[in-house]
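Trainee: Just passing along the structure, written as structure tokens.
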Amino acid sequence: MNDLPRPETPARRARFARPAAALLGLCALAAHAAAHAAPTDSPAQPIPDPGKPVASSDDTSAIAVNPANLSFLPGTELRWTWVSTGSASPLPARGHAFALGVPLWFVSTGLRFDFIDPPGAAPAPFDSPSRWVRWGLALDTGPGFAFGTTLGWGSSDAPALDGYFSLTSGITLRPFTWLSLSAVARDWNRPENRLGEALERSYDFGVAVRPISGRRALEIGLETAYAENSDPDRSGTFTPRATLGLRVPYVGTLRGDVTLRDLAREDGPEVAAMAGLDINVGELQVSGGGVFGNAVTKSGTGFYTSVALRSFSEPGVRRLPRVVRVRLDSTPGVRRHTRLLQQLWRLAEAPEVSGVALVLRAEPASSLAHAEEVADAIRNLRSHGKKVLCHLEDAGGRSLHVCSHADAIAMNPAGGLRFSGISSSYFYFGGLLKKLGVQADLVRIGPHKLAAEQFAREGSTQVGKDDHQALLDQLSGAFLDAVSAGRRIPVEELKRRLARGPFLAQEARQSGLVDVLAYDDELGRVIDEVMGRASRVVDDDPGDEAPERWGYSPKVALVYLDGDMIDGESRSIPLLGVKLAGSYTVAGALRRAREDGNVRAVVLRVETGGGSTLASDVILREAILTARVKPLIVSMGSQAASGGYYASVAGGQIFANRSTVTGSIGIFYGKVDVTGLLQKLGVGIETFRSSPRADAESIYRPFTDDEREQLGVKVKQLYDRFVARVAEGRRMRPDEVDAIARGRVWTGAQALERRLVDRVGGLREALAEARRLGQLPDDAPVLSLPEEDTSLLGYALSLVGLSAQAQGELATATIPPVMLDAARALTPFLVFGADRPLARSEFAGEISFGAPATAREDEPAPPSLEER
């Protein structure tokens, strides 16, 4: 798997090399083609945009330089430019330009006004002032290709400069992150003035490169302009130009350009040059520099200045140090959890961020495994020199787990810590089904496959009780170790203190579980104390940044396997908070990641307790095919058990958190018999069959002894296939897998000891390994797949203003928590057919003897445990 092909295949290189060679050849041609006549200035020439090359003018300068590049405009920009060349300059293009650019849904557009105030030394008729209005449009065709057109209207008191309507079109190709190629056809409609005189067409060809890993640190541009000449006695003219952009740390970009005019002059070509500096301060850019050369002015130098207000930023002057406030009002679900992690990782890398204040009004994680990852993000913040403060109100154990790794924990004096240990509860529906006249007829492999017990018994077996307690002890140990390390309280002492919970705020401080009591309005004072100085506190608002690289950046695909695994497409039951991972949807996401040439590595994020065995196998097959062509890393979240573990053994490395619930290698199969229920309702059933087993899977009768025996054979075959898949993926013998299988559930730490996973680590470590194997930079972007979707009901609710969070709050407010848990536990009866073999771990319901339940912004697979 590690011997991967280079990201760009020879065929792909050849495909993009041809247009590159053509444009480079045209640029080189300018060095040879000495024109027989000096270039003439065009009445349509705009105010110069210093240092902006044809191939990479990605701001409002593109309206005049290359309209195709408007497609790459990162956000809205308003720009003013002033160029002055002195009264002795022969060049007419000086004056003021105002431009506004806006990226819209599928196009980008911009409007520019040029007020040309030529010097007295300019040749007639260019010595008269003129005005140009330009409107640019560019199609949004993605970051690798762009096409655009600018419409221009010229006016002047001088008839020779008045009445023009000009069309200019350009294309830009960016096949790699370090290469940009452009071609522009100017005045291709040969506009005419009031006197009926037509402008000559001209053409620009340019190439720009960023040789340092495709970054903006250094940019070199080479281009040439060719102007036609309709006079048969005079040939067209070439005007070569070179540009340079060099990033100056903590300031902006140093820019320069050199243009050679009149290549046929006996004493050498004339030179027009500009050099200056862009200073970036947040969303403000101020530019200035000199304009010089014998083509510009015969004595002294000119100057230019520019100011731009933008909705995006570029690297430049550091902002004043600040503390960023991150507030959580609801517990993150699976994808919101990832976004929270990415937010904290970004803040760790931001040089202007000196600290982070986590204001938690809900539990910061939906499981202990997720809490481990948020705690890791806090440790990462501190390792980058950031101070971290948590402020709690009515908190639970996961808040304590996360915040114990911060520099300090503050708590509302009226709040408390509702925690004294971890507990779990499991639903058993055997008694309910019996009362309803429904009988579960299930077959399983091994006494540890406990999911079948939930539907057939009124309580667990002794094996089940022992397994549940063993799992709880493992998770409790992981929790105590994490909090002990963070709060610097010995484990045994911490255990004694927690046993006295739950705690009022004052009690929590006396027990050393929080550091200070403070109301919301006192948070600023506490932050100053933690930081050791007066601090500026702001809400996190990262804003948009201009992209660091061109084109389609190589990336990591993060593919989510989240929810009960079902056959077909993914869907959800909004008011129950049940998310169903469809085999077609997840397999399609893996296929898309595999076939996308810009995806260099894949992380499969597993957040499921399993489900349909067929769905598990369909997803595993796509994962195996993906692992054959590019790095595949598995990251286990809250749980990756049974079918979730089955789909994880595709051959790549497996990362699991210490508290991840995994394993549960086993199968159960069966059906329910509802004849008793129908009899109670007064419904009779008569069945006719063509053979004894024609209705074996019918829910209107129990299995016969013979069918049950054959069912056992089927389950054994499916189990053997499960074991074989694990043995192949984990490079183990089938008997070694069987010894730790038979439905046993393990934590991530236990799974590491049994070779079921490769490393204990969270999503951050998994993404880092994927980038390393994919030969990607540390800042390579992450593509989340499949795209977030919702059911028709969920969509309808969103239309009337009920977001996922609001739907969860509505469910919590209208349905008692115990009924919600019961409904979620009965999901198999709602979504799985009676004839489907299941690789699914058991459901553990939540107990509300901790922090108050809060809706999750996007619902994860049901959690196994709840702190109490």
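Here's how to read the names in the structure tokens: chain A, B, ... by the order shown, residue numbers from 1 in each chain, ligand numbers from 1 in the order shown.
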Report the residues of stretch 489-606 of chain A whose backbone DSSP state falls under strand (DSSP E), written as a VMD selection string.
Mentor: chain A and resid 503 to 504 516 to 517 537 to 539 544 to 545 555 to 562 564 to 566 571 to 573 578 to 582 599 to 606
Trainee: Export N, CA and C atoms of the chosen residues as an mmCIF file, in the first residue's frame?
Mentor:
data_model
loop_
_atom_site.group_PDB
_atom_site.id
_atom_site.type_symbol
_atom_site.label_atom_id
_atom_site.label_comp_id
_atom_site.auth_asym_id
_atom_site.auth_seq_id
_atom_site.Cartn_x
_atom_site.Cartn_y
_atom_site.Cartn_z
ATOM 1 N N PHE A 503 -21.571 17.472 42.654
ATOM 2 C CA PHE A 503 -21.026 18.582 43.419
ATOM 3 C C PHE A 503 -21.719 19.900 43.064
ATOM 4 N N LEU A 504 -21.972 20.699 44.090
ATOM 5 C CA LEU A 504 -22.261 22.105 43.850
ATOM 6 C C LEU A 504 -20.953 22.792 43.475
ATOM 7 N N VAL A 516 -11.720 28.103 39.999
ATOM 8 C CA VAL A 516 -12.233 29.393 40.420
ATOM 9 C C VAL A 516 -13.720 29.453 40.108
ATOM 10 N N LEU A 517 -14.450 30.226 40.884
ATOM 11 C CA LEU A 517 -15.871 30.456 40.653
ATOM 12 C C LEU A 517 -16.046 31.850 40.068
ATOM 13 N N VAL A 537 -10.547 39.947 24.316
ATOM 14 C CA VAL A 537 -11.320 38.721 24.118
ATOM 15 C C VAL A 537 -12.285 38.940 22.962
ATOM 16 N N VAL A 538 -12.245 38.038 21.986
ATOM 17 C CA VAL A 538 -13.111 38.152 20.819
ATOM 18 C C VAL A 538 -13.718 36.783 20.532
ATOM 19 N N ASP A 539 -14.869 36.792 19.869
ATOM 20 C CA ASP A 539 -15.445 35.545 19.373
ATOM 21 C C ASP A 539 -14.671 35.086 18.147
ATOM 22 N N ASP A 544 -12.532 34.777 5.618
ATOM 23 C CA ASP A 544 -12.020 34.069 4.442
ATOM 24 C C ASP A 544 -10.580 34.476 4.178
ATOM 25 N N GLU A 545 -9.797 33.521 3.701
ATOM 26 C CA GLU A 545 -8.421 33.788 3.334
ATOM 27 C C GLU A 545 -8.218 33.469 1.856
ATOM 28 N N LYS A 555 -5.550 16.730 -1.485
ATOM 29 C CA LYS A 555 -6.251 16.753 -0.208
ATOM 30 C C LYS A 555 -6.418 15.354 0.353
ATOM 31 N N VAL A 556 -6.899 15.323 1.581
ATOM 32 C CA VAL A 556 -7.279 14.087 2.260
ATOM 33 C C VAL A 556 -8.799 14.000 2.251
ATOM 34 N N ALA A 557 -9.324 12.847 1.887
ATOM 35 C CA ALA A 557 -10.768 12.627 1.973
ATOM 36 C C ALA A 557 -11.095 12.017 3.320
ATOM 37 N N LEU A 558 -12.065 12.598 4.004
ATOM 38 C CA LEU A 558 -12.550 12.076 5.280
ATOM 39 C C LEU A 558 -13.943 11.509 5.028
ATOM 40 N N VAL A 559 -14.035 10.183 4.987
ATOM 41 C CA VAL A 559 -15.284 9.497 4.656
ATOM 42 C C VAL A 559 -15.925 9.014 5.950
ATOM 43 N N TYR A 560 -17.159 9.447 6.188
ATOM 44 C CA TYR A 560 -17.870 9.099 7.418
ATOM 45 C C TYR A 560 -18.710 7.835 7.229
ATOM 46 N N LEU A 561 -18.542 6.909 8.156
ATOM 47 C CA LEU A 561 -19.445 5.761 8.299
ATOM 48 C C LEU A 561 -20.118 5.955 9.644
ATOM 49 N N ASP A 562 -21.299 6.547 9.614
ATOM 50 C CA ASP A 562 -21.921 7.094 10.823
ATOM 51 C C ASP A 562 -23.371 6.650 10.913
ATOM 52 N N ASP A 564 -26.446 3.414 12.174
ATOM 53 C CA ASP A 564 -26.754 2.005 11.888
ATOM 54 C C ASP A 564 -26.562 1.731 10.410
ATOM 55 N N MET A 565 -25.872 0.638 10.100
ATOM 56 C CA MET A 565 -25.544 0.315 8.716
ATOM 57 C C MET A 565 -26.711 -0.423 8.065
ATOM 58 N N ILE A 566 -27.213 0.149 6.983
ATOM 59 C CA ILE A 566 -28.358 -0.434 6.278
ATOM 60 C C ILE A 566 -28.004 -0.617 4.810
ATOM 61 N N ARG A 571 -30.141 7.436 5.219
ATOM 62 C CA ARG A 571 -31.313 8.233 5.566
ATOM 63 C C ARG A 571 -31.308 8.418 7.082
ATOM 64 N N SER A 572 -32.294 9.116 7.579
ATOM 65 C CA SER A 572 -32.348 9.375 9.011
ATOM 66 C C SER A 572 -33.800 9.442 9.455
ATOM 67 N N ILE A 573 -33.985 9.318 10.763
ATOM 68 C CA ILE A 573 -35.301 9.489 11.391
ATOM 69 C C ILE A 573 -35.157 10.716 12.284
ATOM 70 N N VAL A 578 -32.030 9.304 14.958
ATOM 71 C CA VAL A 578 -31.409 8.075 14.472
ATOM 72 C C VAL A 578 -30.882 8.324 13.070
ATOM 73 N N LYS A 579 -29.577 8.088 12.884
ATOM 74 C CA LYS A 579 -28.961 8.253 11.587
ATOM 75 C C LYS A 579 -28.606 6.887 11.042
ATOM 76 N N LEU A 580 -28.906 6.635 9.772
ATOM 77 C CA LEU A 580 -28.704 5.343 9.145
ATOM 78 C C LEU A 580 -27.696 5.490 8.013
ATOM 79 N N ALA A 581 -26.637 4.709 8.089
ATOM 80 C CA ALA A 581 -25.564 4.768 7.102
ATOM 81 C C ALA A 581 -25.848 3.755 6.007
ATOM 82 N N GLY A 582 -26.218 4.229 4.832
ATOM 83 C CA GLY A 582 -26.540 3.351 3.724
ATOM 84 C C GLY A 582 -25.297 2.849 3.019
ATOM 85 N N VAL A 599 -7.427 13.632 -4.493
ATOM 86 C CA VAL A 599 -7.411 12.990 -3.177
ATOM 87 C C VAL A 599 -6.224 12.043 -3.138
ATOM 88 N N ARG A 600 -5.290 12.302 -2.261
ATOM 89 C CA ARG A 600 -4.067 11.504 -2.192
ATOM 90 C C ARG A 600 -4.101 10.490 -1.060
ATOM 91 N N ALA A 601 -5.025 10.629 -0.131
ATOM 92 C CA ALA A 601 -5.145 9.683 0.977
ATOM 93 C C ALA A 601 -6.565 9.768 1.512
ATOM 94 N N VAL A 602 -7.003 8.685 2.159
ATOM 95 C CA VAL A 602 -8.384 8.591 2.638
ATOM 96 C C VAL A 602 -8.367 8.188 4.106
ATOM 97 N N VAL A 603 -9.176 8.887 4.902
ATOM 98 C CA VAL A 603 -9.418 8.496 6.294
ATOM 99 C C VAL A 603 -10.879 8.066 6.392
ATOM 100 N N LEU A 604 -11.090 6.822 6.775
ATOM 101 C CA LEU A 604 -12.446 6.303 6.993
ATOM 102 C C LEU A 604 -12.777 6.482 8.469
ATOM 103 N N ARG A 605 -13.698 7.376 8.743
ATOM 104 C CA ARG A 605 -14.085 7.686 10.124
ATOM 105 C C ARG A 605 -15.279 6.811 10.478
ATOM 106 N N VAL A 606 -15.084 5.865 11.380
ATOM 107 C CA VAL A 606 -16.105 4.875 11.713
ATOM 108 C C VAL A 606 -16.771 5.271 13.029
#
Trainee: Might you pull out every residue within 8 Å of A:Asp127, with only C-alpha atoms counted and same-chain residues fewer than 6 positions away left off, and present them as a ChimeraX atom specification?
Mentor: /A:92,118-121
Trainee: Can I get the selection written as a PDB file, in the first residue's frame, with N, CA and C atoms?
Mentor:
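To be explicit, this is the file written out as part33.pdb:
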ATOM      1  N   PRO A  92       0.766  57.697 -21.667  1.00  0.00           N
ATOM      2  CA  PRO A  92      -0.492  58.348 -21.292  1.00  0.00           C
ATOM      3  C   PRO A  92      -1.219  57.679 -20.131  1.00  0.00           C
ATOM      4  N   PRO A 118      -3.572  62.014 -18.761  1.00  0.00           N
ATOM      5  CA  PRO A 118      -2.243  61.872 -19.366  1.00  0.00           C
ATOM      6  C   PRO A 118      -1.377  63.111 -19.135  1.00  0.00           C
ATOM      7  N   PRO A 119      -0.062  62.918 -19.159  1.00  0.00           N
ATOM      8  CA  PRO A 119       0.844  64.069 -19.032  1.00  0.00           C
ATOM      9  C   PRO A 119       0.884  64.870 -20.326  1.00  0.00           C
ATOM     10  N   GLY A 120       1.360  66.085 -20.222  1.00  0.00           N
ATOM     11  CA  GLY A 120       1.425  66.940 -21.408  1.00  0.00           C
ATOM     12  C   GLY A 120       2.387  66.414 -22.448  1.00  0.00           C
ATOM     13  N   ALA A 121       3.347  65.579 -22.037  1.00  0.00           N
ATOM     14  CA  ALA A 121       4.338  65.064 -22.985  1.00  0.00           C
ATOM     15  C   ALA A 121       3.816  63.894 -23.793  1.00  0.00           C
TER      16      ALA A 121
END
Trainee: With a distance cut-off of 6 Å and only C-alpha atoms, select the neighbouring residues of A:Val286, excluding the residue or stretch itself and same-chain residues fewer than 4 positions from it, and output the selection as a list in words.
Mentor: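 That gives Asp278, Ile279, Ser306 and Val307 of chain A.
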Trainee: Can you list every residue in stretch 639-824 of chain A that DSSP puts in helix (DSSP H, G or I), as a ChimeraX atom specification?
Mentor: /A:643-646,675-680,705-730,734-739,748-753,763-773,792-799,804-814,817-824
Trainee: Per residue of stretch 642-674 of chain A within 8 Å of stretch 717-740 of chain A, which atom pair is closest and at what distance in Å (one decimal), using only C-alpha atoms, listed by chain and increasing number, as JSON lines?
Mentor:
{"residue": "A:Tyr646", "atom": "CA", "partner": "A:Val726", "partner_atom": "CA", "distance": 6.9}
{"residue": "A:Val649", "atom": "CA", "partner": "A:Gly729", "partner_atom": "CA", "distance": 4.8}
{"residue": "A:Ala650", "atom": "CA", "partner": "A:Gly729", "partner_atom": "CA", "distance": 5.6}
{"residue": "A:Gly651", "atom": "CA", "partner": "A:Gly729", "partner_atom": "CA", "distance": 4.9}
{"residue": "A:Ile665", "atom": "CA", "partner": "A:Phe722", "partner_atom": "CA", "distance": 7.2}
{"residue": "A:Gly666", "atom": "CA", "partner": "A:Tyr719", "partner_atom": "CA", "distance": 5.9}
{"residue": "A:Ile667", "atom": "CA", "partner": "A:Tyr719", "partner_atom": "CA", "distance": 5.8}
Trainee: What's the 12 Å shell around A:Trp345, counting only C-alpha atoms, without same-chain residues fewer than 5 positions away, as a ChimeraX atom specification?
Mentor: /A:338-340,350,353,356,373-384,386,763-765,767,778-779
Trainee: Extract, using only C-alpha atoms, all DNA, RNA and protein residues at most 8 Å from A:Phe165, discarding same-chain residues fewer than 6 positions from it, and format them as a list in words.
Mentor: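 Listed by chain and then number, they are Leu151, Gly152, Trp153, Gly154, Pro191 and Glu192 of chain A.
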Trainee: Could you write those residues out with N, CA and C atoms, as a CSV table (one decimal), in the first residue's frame?
Mentor:
chain,number,residue,atom,x,y,z
A,151,LEU,N,-16.5,43.8,-20.8
A,151,LEU,CA,-17.1,44.8,-21.7
A,151,LEU,C,-16.6,46.2,-21.3
A,152,GLY,N,-16.1,46.9,-22.3
A,152,GLY,CA,-15.6,48.3,-22.0
A,152,GLY,C,-16.2,49.4,-22.8
A,153,TRP,N,-16.4,50.5,-22.2
A,153,TRP,CA,-16.9,51.7,-22.9
A,153,TRP,C,-16.0,52.9,-22.6
A,154,GLY,N,-15.4,53.4,-23.7
A,154,GLY,CA,-14.5,54.5,-23.6
A,154,GLY,C,-15.2,55.8,-24.0
A,191,PRO,N,-13.0,47.6,-31.8
A,191,PRO,CA,-13.9,48.8,-31.5
A,191,PRO,C,-13.5,50.0,-32.3
A,192,GLU,N,-14.5,50.8,-32.6
A,192,GLU,CA,-14.3,52.0,-33.4
A,192,GLU,C,-14.7,53.3,-32.6
Trainee: Tell me, as an NGL selection string, which residues lie within 7 Å of stretch 625-640 of chain A, counting only C-alpha atoms; anything in the same chain fewer than 4 positions away does not count.
Mentor: :A and (1-2 or 4 or 367 or 369-370 or 590 or 594 or 600-609 or 621 or 644-645 or 648 or 650-657 or 660-662 or 762-763 or 766 or 770 or 773-774)
Trainee: Within 7 Å of A:Ala647, counting only C-alpha atoms, which residues show up once you throw out same-chain ones fewer than 5 positions away? Write them as JSON, numbers by chain, please.
Mentor: {"A": [616, 617, 619, 620]}
Trainee: Selected residues, all heavy atoms, written as a tab-separated table (two decimals), in the first residue's frame, please.
Mentor:
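Output contents, as saved in out.tsv:
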chain	number	residue	atom	x	y	z
A	616	SER	N	-22.22	-4.09	5.49
A	616	SER	CA	-20.84	-4.11	5.97
A	616	SER	C	-19.90	-4.61	4.90
A	616	SER	O	-18.81	-4.06	4.69
A	616	SER	CB	-20.73	-5.00	7.22
A	616	SER	OG	-21.62	-4.57	8.23
A	617	ASP	N	-20.30	-5.67	4.20
A	617	ASP	CA	-19.43	-6.26	3.19
A	617	ASP	C	-19.30	-5.36	1.97
A	617	ASP	O	-18.23	-5.25	1.37
A	617	ASP	CB	-19.96	-7.63	2.77
A	617	ASP	CG	-18.89	-8.49	2.13
A	617	ASP	OD1	-17.92	-8.83	2.84
A	617	ASP	OD2	-19.00	-8.79	0.93
A	619	ILE	N	-19.44	-2.08	1.94
A	619	ILE	CA	-18.55	-0.98	2.31
A	619	ILE	C	-17.11	-1.46	2.41
A	619	ILE	O	-16.17	-0.80	1.96
A	619	ILE	CB	-19.02	-0.34	3.62
A	619	ILE	CG1	-20.38	0.33	3.41
A	619	ILE	CG2	-18.01	0.66	4.15
A	619	ILE	CD1	-21.06	0.80	4.68
A	620	LEU	N	-16.92	-2.65	3.00
A	620	LEU	CA	-15.57	-3.19	3.11
A	620	LEU	C	-14.94	-3.38	1.74
A	620	LEU	O	-13.76	-3.09	1.53
A	620	LEU	CB	-15.59	-4.52	3.87
A	620	LEU	CG	-14.24	-5.26	3.93
A	620	LEU	CD1	-13.19	-4.44	4.64
A	620	LEU	CD2	-14.40	-6.62	4.59
Trainee: Return the single residue from A:Gly288, A:Pro159, A:Gly245, A:Gly86 that is closest to A:Leu195, with distances computed using only C-alpha atoms.
Mentor: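 Closest residue, counting only C-alpha atoms: A:Pro159.
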Trainee: To one decimal place in Å, what is the distance between atom CA of A:Ser235 and atom CA of A:Arg261?
Mentor: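 If I compute the distance from atom CA of A:Ser235 to atom CA of A:Arg261, I get 14.8 Å.
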Trainee: What does the distance from atom CA of A:Pro74 to atom CA of A:Leu218 come to in Å, to one decimal?
Mentor: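 Atom CA of A:Pro74 sits 19.5 Å away from atom CA of A:Leu218.
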Trainee: Write out as CSV a residue-level contact list of stretch 289-362 of chain A versus stretch 391-402 of chain A with cut-off 10 Å: for each qualifying residue the closest pair of atoms and the distance in Å to one decimal, counting only C-alpha atoms, rows sorted by chain and residue number upward.
Mentor:
residue,atom,partner,partner_atom,distance
A:Arg327,CA,A:His391,CA,9.4
A:Ala357,CA,A:His391,CA,7.3
A:Leu358,CA,A:His391,CA,6.2
A:Val359,CA,A:His391,CA,4.9
A:Leu360,CA,A:Leu392,CA,5.4
A:Arg361,CA,A:Glu393,CA,6.3
A:Ala362,CA,A:Ala395,CA,7.0
Trainee: Could you write out the selected residues, including N, CA and C atoms, as a compact mmCIF listing (two decimals), in the first residue's frame?
Mentor:
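New file part.txt:
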# COMPACT_ATOMS: atom_id res chain seq x y z
N ARG A 327 -17.80 29.13 22.14
CA ARG A 327 -18.95 28.79 22.97
C ARG A 327 -19.69 27.59 22.38
N ALA A 357 -10.72 30.59 25.26
CA ALA A 357 -11.68 30.43 26.35
C ALA A 357 -12.83 29.56 25.85
N LEU A 358 -12.94 28.34 26.38
CA LEU A 358 -14.03 27.44 26.02
C LEU A 358 -15.20 27.70 26.97
N VAL A 359 -16.26 28.26 26.46
CA VAL A 359 -17.45 28.56 27.26
C VAL A 359 -18.44 27.43 26.98
N LEU A 360 -18.55 26.50 27.91
CA LEU A 360 -19.33 25.28 27.70
C LEU A 360 -20.67 25.38 28.41
N ARG A 361 -21.73 25.43 27.63
CA ARG A 361 -23.08 25.42 28.17
C ARG A 361 -23.77 24.09 27.87
N ALA A 362 -23.00 23.14 27.42
CA ALA A 362 -23.45 21.77 27.18
C ALA A 362 -22.21 20.90 27.22
